[in-house]
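> Structure below; questions to follow.
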Amino acid sequence: MASNNDREPDADAEAGHGGVQSVDRALAVLEILARDGHAGVSDIAEEMGIHKSTVSRLLGSLVSREMVHQNSERGKYQLGFGILRLASSIPGRLSLVREARPVLEALAEEFKETVNLAVLRSNYAVNVDQAMGPSTLATYDWVGNLTPLHATSSGKVLLAALPAEERDRILKETGLPPRTPRTITDRKELETQLLDVARDGYGVVREEFEIGLTAVAVPVYNHLGAVIGAISISGPAFRFDPETAPGLIQGLQQAGLQVSARMGYTRR
């Protein structure tokens, strides 16, 4: 019979904490595999700072639940189909508007301007929620409005995320009609700007949709990393310049990631 001194240190810890520590460690294993794609027992043990036999027990339990699968060729472990069963039930229960609402309100309060949430519908950007900042001059309700993709900040973010074929189809159907003298109506110029939007992670329009209105938008991602919406901040052109306002673009991008995380997105 082994003495207490011969027992593995991790076993004592797990016994003392009940199943809580084991659950926490199992989740840590899943996070490592989600991040790295695959890993071996030694890799996981080293990162977590625990004994390899403890990792083996955790992996064994996860394998039995099909949460983890062992690659027979390399002996590495990776996430299993059990994860898909769990994950597939989540997206349908998440409402983009519901998850984004507190973030929109916080943005409006912080930057004192109008904040909108838009999604792609029928070749247009449709605003599905709005939060008004205390400095907002007008109280126009944009919710439900279809706005042109090529002339709005949210629209450009949504366009930039589309496959080239889909973007080409939409722009051929809608054309590039001018909303103001500043609207981009040249396809080549628009495509160049969309490349910048994709590279920079945000899009700005200055009086392209409406004279006197400037706006900036960032993408919102779903659990698969696809763009499912855009969050924008807009304000009067005479006092609102998103690229010079301290911390505005960074704050907006952080808000986009917050909503994305609520929708199941994991930054890689």
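Identifiers in this document derive from the order of the structure tokens: chains are assigned A, B, ..., residues are numbered from 1 separately in each chain, and ligands are numbered from 1 in order of occurrence.
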Which residues, written as a ChimeraX atom specification, have at least one atom at most 7 Å from stretch 143-156 of chain A, with only C-alpha atoms counted and residues fewer than 4 positions away on the same chain left out?
/A:118,124-130,160,176,183,194,203-205,208-209,215-217,230-232
> Output all heavy atoms for every residue in the selection just made, as a compact mmCIF listing (two decimals), in the first residue's frame.

# COMPACT_ATOMS: atom_id res chain seq x y z
N ALA A 118 -25.58 47.47 -37.51
CA ALA A 118 -26.15 47.18 -38.83
C ALA A 118 -25.77 45.78 -39.28
O ALA A 118 -24.72 45.25 -38.90
CB ALA A 118 -25.66 48.20 -39.86
N TYR A 124 -28.29 45.65 -48.95
CA TYR A 124 -28.16 46.91 -48.22
C TYR A 124 -27.71 46.65 -46.79
O TYR A 124 -27.78 45.52 -46.29
CB TYR A 124 -29.51 47.66 -48.19
CG TYR A 124 -29.95 48.15 -49.55
CD1 TYR A 124 -30.75 47.34 -50.37
CD2 TYR A 124 -29.56 49.39 -50.03
CE1 TYR A 124 -31.15 47.77 -51.62
CE2 TYR A 124 -29.96 49.83 -51.29
CZ TYR A 124 -30.75 49.02 -52.08
OH TYR A 124 -31.13 49.45 -53.33
N ALA A 125 -27.27 47.71 -46.13
CA ALA A 125 -27.01 47.65 -44.70
C ALA A 125 -28.28 48.13 -44.00
O ALA A 125 -28.78 49.21 -44.28
CB ALA A 125 -25.83 48.54 -44.32
N VAL A 126 -28.81 47.30 -43.11
CA VAL A 126 -30.00 47.70 -42.37
C VAL A 126 -29.63 47.86 -40.90
O VAL A 126 -28.98 47.00 -40.31
CB VAL A 126 -31.16 46.69 -42.53
CG1 VAL A 126 -30.74 45.31 -42.05
CG2 VAL A 126 -32.39 47.16 -41.78
N ASN A 127 -30.00 49.01 -40.33
CA ASN A 127 -29.71 49.27 -38.93
C ASN A 127 -30.74 48.55 -38.06
O ASN A 127 -31.95 48.74 -38.23
CB ASN A 127 -29.75 50.77 -38.67
CG ASN A 127 -28.62 51.50 -39.34
OD1 ASN A 127 -27.46 51.35 -38.96
ND2 ASN A 127 -28.92 52.27 -40.37
N VAL A 128 -30.25 47.72 -37.15
CA VAL A 128 -31.13 46.91 -36.32
C VAL A 128 -31.19 47.38 -34.88
O VAL A 128 -32.04 46.92 -34.11
CB VAL A 128 -30.73 45.42 -36.37
CG1 VAL A 128 -30.96 44.86 -37.76
CG2 VAL A 128 -29.27 45.22 -35.96
N ASP A 129 -30.31 48.30 -34.49
CA ASP A 129 -30.38 48.87 -33.15
C ASP A 129 -29.59 50.18 -33.12
O ASP A 129 -28.70 50.40 -33.96
CB ASP A 129 -29.83 47.91 -32.09
CG ASP A 129 -30.34 48.24 -30.69
OD1 ASP A 129 -31.23 49.11 -30.56
OD2 ASP A 129 -29.84 47.64 -29.72
N GLN A 130 -29.93 51.01 -32.15
CA GLN A 130 -29.32 52.34 -32.08
C GLN A 130 -29.28 52.80 -30.63
O GLN A 130 -30.19 52.53 -29.86
CB GLN A 130 -30.14 53.33 -32.91
CG GLN A 130 -29.66 54.77 -32.86
CD GLN A 130 -30.45 55.64 -33.83
OE1 GLN A 130 -30.21 55.61 -35.03
NE2 GLN A 130 -31.39 56.42 -33.31
N ALA A 160 -16.47 44.93 -47.47
CA ALA A 160 -15.06 44.52 -47.44
C ALA A 160 -14.91 43.08 -46.98
O ALA A 160 -13.93 42.42 -47.33
CB ALA A 160 -14.27 45.44 -46.52
N LEU A 176 -23.60 52.27 -58.11
CA LEU A 176 -22.97 53.18 -57.14
C LEU A 176 -23.60 54.57 -57.27
O LEU A 176 -22.92 55.55 -57.60
CB LEU A 176 -21.45 53.25 -57.37
CG LEU A 176 -20.68 51.93 -57.29
CD1 LEU A 176 -19.22 52.15 -57.67
CD2 LEU A 176 -20.77 51.34 -55.88
N THR A 183 -19.92 61.14 -52.49
CA THR A 183 -20.09 59.69 -52.60
C THR A 183 -19.13 59.13 -53.65
O THR A 183 -19.01 59.68 -54.74
CB THR A 183 -21.53 59.34 -53.01
OG1 THR A 183 -22.45 59.91 -52.08
CG2 THR A 183 -21.73 57.83 -53.04
N LEU A 194 -11.97 49.64 -50.02
CA LEU A 194 -12.37 48.44 -49.29
C LEU A 194 -11.16 47.61 -48.85
O LEU A 194 -11.18 46.97 -47.80
CB LEU A 194 -13.31 47.59 -50.15
CG LEU A 194 -14.67 48.20 -50.46
CD1 LEU A 194 -15.50 47.28 -51.33
CD2 LEU A 194 -15.44 48.54 -49.18
N GLY A 203 -13.86 51.35 -41.16
CA GLY A 203 -14.16 52.15 -42.35
C GLY A 203 -14.74 53.49 -41.95
O GLY A 203 -15.54 53.59 -41.01
N VAL A 204 -14.33 54.53 -42.65
CA VAL A 204 -14.79 55.90 -42.37
C VAL A 204 -15.46 56.48 -43.60
O VAL A 204 -14.97 56.29 -44.73
CB VAL A 204 -13.61 56.81 -41.94
CG1 VAL A 204 -14.09 58.24 -41.70
CG2 VAL A 204 -12.92 56.27 -40.70
N VAL A 205 -16.57 57.18 -43.41
CA VAL A 205 -17.17 57.97 -44.49
C VAL A 205 -17.33 59.40 -44.00
O VAL A 205 -17.71 59.64 -42.86
CB VAL A 205 -18.53 57.40 -44.95
CG1 VAL A 205 -18.38 56.03 -45.58
CG2 VAL A 205 -19.54 57.35 -43.82
N GLU A 208 -20.46 61.18 -47.26
CA GLU A 208 -20.73 60.41 -48.48
C GLU A 208 -22.20 59.97 -48.55
O GLU A 208 -22.74 59.78 -49.63
CB GLU A 208 -19.82 59.18 -48.54
CG GLU A 208 -18.35 59.51 -48.72
CD GLU A 208 -17.49 58.26 -48.73
OE1 GLU A 208 -17.91 57.27 -49.39
OE2 GLU A 208 -16.41 58.25 -48.10
N PHE A 209 -22.80 59.81 -47.37
CA PHE A 209 -24.21 59.39 -47.33
C PHE A 209 -25.13 60.59 -47.12
O PHE A 209 -26.23 60.67 -47.68
CB PHE A 209 -24.41 58.38 -46.21
CG PHE A 209 -25.84 57.96 -46.01
CD1 PHE A 209 -26.52 57.25 -47.01
CD2 PHE A 209 -26.52 58.27 -44.85
CE1 PHE A 209 -27.84 56.87 -46.83
CE2 PHE A 209 -27.84 57.88 -44.67
CZ PHE A 209 -28.50 57.18 -45.67
N ALA A 215 -19.03 59.24 -40.20
CA ALA A 215 -19.23 58.02 -39.42
C ALA A 215 -18.04 57.08 -39.58
O ALA A 215 -17.33 57.12 -40.58
CB ALA A 215 -20.52 57.31 -39.88
N VAL A 216 -17.86 56.22 -38.60
CA VAL A 216 -16.82 55.20 -38.63
C VAL A 216 -17.44 53.90 -38.11
O VAL A 216 -18.27 53.92 -37.20
CB VAL A 216 -15.60 55.61 -37.76
CG1 VAL A 216 -16.01 55.91 -36.33
CG2 VAL A 216 -14.51 54.55 -37.81
N ALA A 217 -17.05 52.77 -38.70
CA ALA A 217 -17.62 51.49 -38.32
C ALA A 217 -16.56 50.41 -38.24
O ALA A 217 -15.52 50.49 -38.90
CB ALA A 217 -18.71 51.07 -39.32
N ALA A 230 -21.96 45.23 -38.22
CA ALA A 230 -21.02 46.33 -38.08
C ALA A 230 -21.56 47.31 -37.04
O ALA A 230 -22.77 47.57 -36.98
CB ALA A 230 -20.82 47.05 -39.41
N ILE A 231 -20.68 47.83 -36.21
CA ILE A 231 -21.03 48.85 -35.23
C ILE A 231 -20.43 50.17 -35.69
O ILE A 231 -19.24 50.23 -36.01
CB ILE A 231 -20.50 48.51 -33.83
CG1 ILE A 231 -21.07 47.18 -33.34
CG2 ILE A 231 -20.85 49.62 -32.84
CD1 ILE A 231 -20.49 46.72 -32.02
N SER A 232 -21.25 51.20 -35.73
CA SER A 232 -20.77 52.50 -36.20
C SER A 232 -21.04 53.59 -35.16
O SER A 232 -21.97 53.50 -34.36
CB SER A 232 -21.45 52.89 -37.52
OG SER A 232 -22.84 53.10 -37.33
> Which residue out of A:Leu213, A:Val68, A:Leu59, A:Val41 has the minimum interatomic distance to A:Phe240 when only C-alpha atoms are used?
A:Leu213
> Between A:Val23, A:Ser61, A:His51, A:Val227, which is the closest to A:Pro163 once you count only C-alpha atoms?
A:Val227
> As a PyMOL selection string, please: the residues near A:Arg35 (cut-off 12 Å, only C-alpha atoms, same-chain neighbours under 3 positions excluded).
chain A and resi 28-32+38-39+44+78-79+266-268
> Using only C-alpha atoms, find the one residue out of A:Met48, A:Val119, A:Leu33, A:Ala26 that sits nearest to A:Ala161.
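Nearest candidate to A:Ala161 out of A:Met48, A:Val119, A:Leu33, A:Ala26: A:Val119.
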> For the atom pair atom CA of A:Ser234 and atom CA of A:Glu210, what is the interatomic distance in Å to one decimal place?
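Result for atom CA of A:Ser234 versus atom CA of A:Glu210: 11.1 Å, one decimal.
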> Find the residues near A:Ile228: any atom within 9 Å, counting only C-alpha atoms, skip ones fewer than 4 places away on the same chain, and give them as a list in words.
Leu96, Ala118, Val119, Leu120, Leu158, Pro219, Val220, Tyr221 and Asn222 of chain A
> Got time to write the residues from that selection, N, CA, C and O atoms, as a compact mmCIF listing (two decimals), in the first residue's frame?

# COMPACT_ATOMS: atom_id res chain seq x y z
N LEU A 96 -28.03 38.87 -31.80
CA LEU A 96 -27.02 39.92 -31.99
C LEU A 96 -27.45 41.21 -31.33
O LEU A 96 -26.66 41.88 -30.65
N ALA A 118 -25.58 47.47 -37.51
CA ALA A 118 -26.15 47.18 -38.83
C ALA A 118 -25.77 45.78 -39.28
O ALA A 118 -24.72 45.25 -38.90
N VAL A 119 -26.63 45.20 -40.11
CA VAL A 119 -26.36 43.88 -40.71
C VAL A 119 -26.66 43.96 -42.20
O VAL A 119 -27.30 44.92 -42.68
N LEU A 120 -26.19 42.97 -42.94
CA LEU A 120 -26.40 42.93 -44.39
C LEU A 120 -27.75 42.27 -44.68
O LEU A 120 -28.02 41.16 -44.26
N LEU A 158 -19.15 45.85 -44.20
CA LEU A 158 -19.83 44.63 -44.63
C LEU A 158 -19.38 44.23 -46.04
O LEU A 158 -19.16 43.04 -46.32
N PRO A 219 -16.20 45.82 -37.75
CA PRO A 219 -16.96 44.58 -37.92
C PRO A 219 -17.29 43.89 -36.61
O PRO A 219 -16.63 44.08 -35.59
N VAL A 220 -18.33 43.05 -36.68
CA VAL A 220 -18.68 42.12 -35.60
C VAL A 220 -18.62 40.72 -36.21
O VAL A 220 -19.14 40.48 -37.31
N TYR A 221 -17.96 39.78 -35.50
CA TYR A 221 -17.76 38.43 -36.00
C TYR A 221 -18.62 37.42 -35.24
O TYR A 221 -18.96 37.62 -34.08
N ASN A 222 -18.91 36.30 -35.91
CA ASN A 222 -19.61 35.21 -35.22
C ASN A 222 -18.63 34.14 -34.77
O ASN A 222 -17.40 34.33 -34.87
> Give the alpha helix (DSSP H) residues of stretch 100-131 of chain A, as DSSP finds them on the backbone, and put them as a PyMOL selection string.
chain A and resi 100-111
> Can those selected residues be exported to a file as a short mmCIF file (atom, residue, chain, number, x, y, z; two decimals), in the first residue's frame so that it contains all heavy atoms?

data_model
loop_
_atom_site.label_atom_id
_atom_site.label_comp_id
_atom_site.auth_asym_id
_atom_site.auth_seq_id
_atom_site.Cartn_x
_atom_site.Cartn_y
_atom_site.Cartn_z
N ALA A 100 -25.47 42.85 -28.19
CA ALA A 100 -24.76 44.10 -28.50
C ALA A 100 -25.28 45.28 -27.69
O ALA A 100 -24.55 46.27 -27.50
CB ALA A 100 -24.87 44.41 -29.98
N ARG A 101 -26.52 45.19 -27.23
CA ARG A 101 -27.18 46.36 -26.63
C ARG A 101 -26.36 47.06 -25.54
O ARG A 101 -26.15 48.28 -25.58
CB ARG A 101 -28.55 45.95 -26.10
CG ARG A 101 -29.37 47.12 -25.57
CD ARG A 101 -29.71 48.09 -26.68
NE ARG A 101 -30.17 49.37 -26.16
CZ ARG A 101 -30.38 50.44 -26.91
NH1 ARG A 101 -30.17 50.39 -28.20
NH2 ARG A 101 -30.78 51.54 -26.39
N PRO A 102 -25.89 46.35 -24.51
CA PRO A 102 -25.13 47.06 -23.47
C PRO A 102 -23.84 47.68 -23.98
O PRO A 102 -23.40 48.72 -23.48
CB PRO A 102 -24.85 45.96 -22.43
CG PRO A 102 -25.01 44.67 -23.16
CD PRO A 102 -26.05 44.92 -24.20
N VAL A 103 -23.24 47.07 -24.98
CA VAL A 103 -22.00 47.61 -25.56
C VAL A 103 -22.30 48.90 -26.33
O VAL A 103 -21.56 49.89 -26.23
CB VAL A 103 -21.32 46.57 -26.47
CG1 VAL A 103 -20.03 47.13 -27.07
CG2 VAL A 103 -21.03 45.30 -25.70
N LEU A 104 -23.40 48.91 -27.07
CA LEU A 104 -23.79 50.12 -27.81
C LEU A 104 -24.07 51.27 -26.84
O LEU A 104 -23.65 52.42 -27.07
CB LEU A 104 -25.05 49.86 -28.65
CG LEU A 104 -25.01 48.75 -29.70
CD1 LEU A 104 -26.30 48.76 -30.51
CD2 LEU A 104 -23.81 48.86 -30.60
N GLU A 105 -24.77 50.98 -25.77
CA GLU A 105 -25.10 52.01 -24.80
C GLU A 105 -23.84 52.58 -24.14
O GLU A 105 -23.74 53.80 -23.92
CB GLU A 105 -26.05 51.46 -23.75
CG GLU A 105 -27.44 51.15 -24.29
CD GLU A 105 -28.35 50.53 -23.25
OE1 GLU A 105 -27.82 50.01 -22.23
OE2 GLU A 105 -29.58 50.55 -23.46
N ALA A 106 -22.90 51.70 -23.83
CA ALA A 106 -21.65 52.15 -23.21
C ALA A 106 -20.85 53.03 -24.17
O ALA A 106 -20.27 54.05 -23.77
CB ALA A 106 -20.81 50.95 -22.78
N LEU A 107 -20.83 52.66 -25.45
CA LEU A 107 -20.13 53.47 -26.46
C LEU A 107 -20.76 54.84 -26.59
O LEU A 107 -20.07 55.86 -26.66
CB LEU A 107 -20.18 52.76 -27.82
CG LEU A 107 -19.09 51.77 -28.18
CD1 LEU A 107 -19.39 51.16 -29.54
CD2 LEU A 107 -17.71 52.42 -28.17
N ALA A 108 -22.09 54.89 -26.67
CA ALA A 108 -22.80 56.15 -26.82
C ALA A 108 -22.54 57.07 -25.62
O ALA A 108 -22.37 58.28 -25.77
CB ALA A 108 -24.29 55.91 -26.98
N GLU A 109 -22.48 56.47 -24.44
CA GLU A 109 -22.22 57.25 -23.24
C GLU A 109 -20.79 57.77 -23.21
O GLU A 109 -20.53 58.92 -22.84
CB GLU A 109 -22.51 56.39 -22.00
CG GLU A 109 -22.24 57.09 -20.68
CD GLU A 109 -23.17 58.27 -20.43
OE1 GLU A 109 -24.31 58.27 -20.95
OE2 GLU A 109 -22.75 59.20 -19.72
N GLU A 110 -19.86 56.91 -23.62
CA GLU A 110 -18.45 57.30 -23.56
C GLU A 110 -18.09 58.37 -24.58
O GLU A 110 -17.38 59.33 -24.26
CB GLU A 110 -17.56 56.08 -23.79
CG GLU A 110 -16.06 56.39 -23.75
CD GLU A 110 -15.19 55.16 -23.94
OE1 GLU A 110 -15.74 54.05 -24.11
OE2 GLU A 110 -13.95 55.31 -23.91
N PHE A 111 -18.57 58.21 -25.82
CA PHE A 111 -18.16 59.12 -26.88
C PHE A 111 -19.22 60.16 -27.24
O PHE A 111 -19.00 60.99 -28.13
CB PHE A 111 -17.75 58.33 -28.12
CG PHE A 111 -16.52 57.50 -27.89
CD1 PHE A 111 -16.61 56.11 -27.75
CD2 PHE A 111 -15.27 58.09 -27.76
CE1 PHE A 111 -15.48 55.34 -27.51
CE2 PHE A 111 -14.13 57.34 -27.53
CZ PHE A 111 -14.23 55.96 -27.40
#
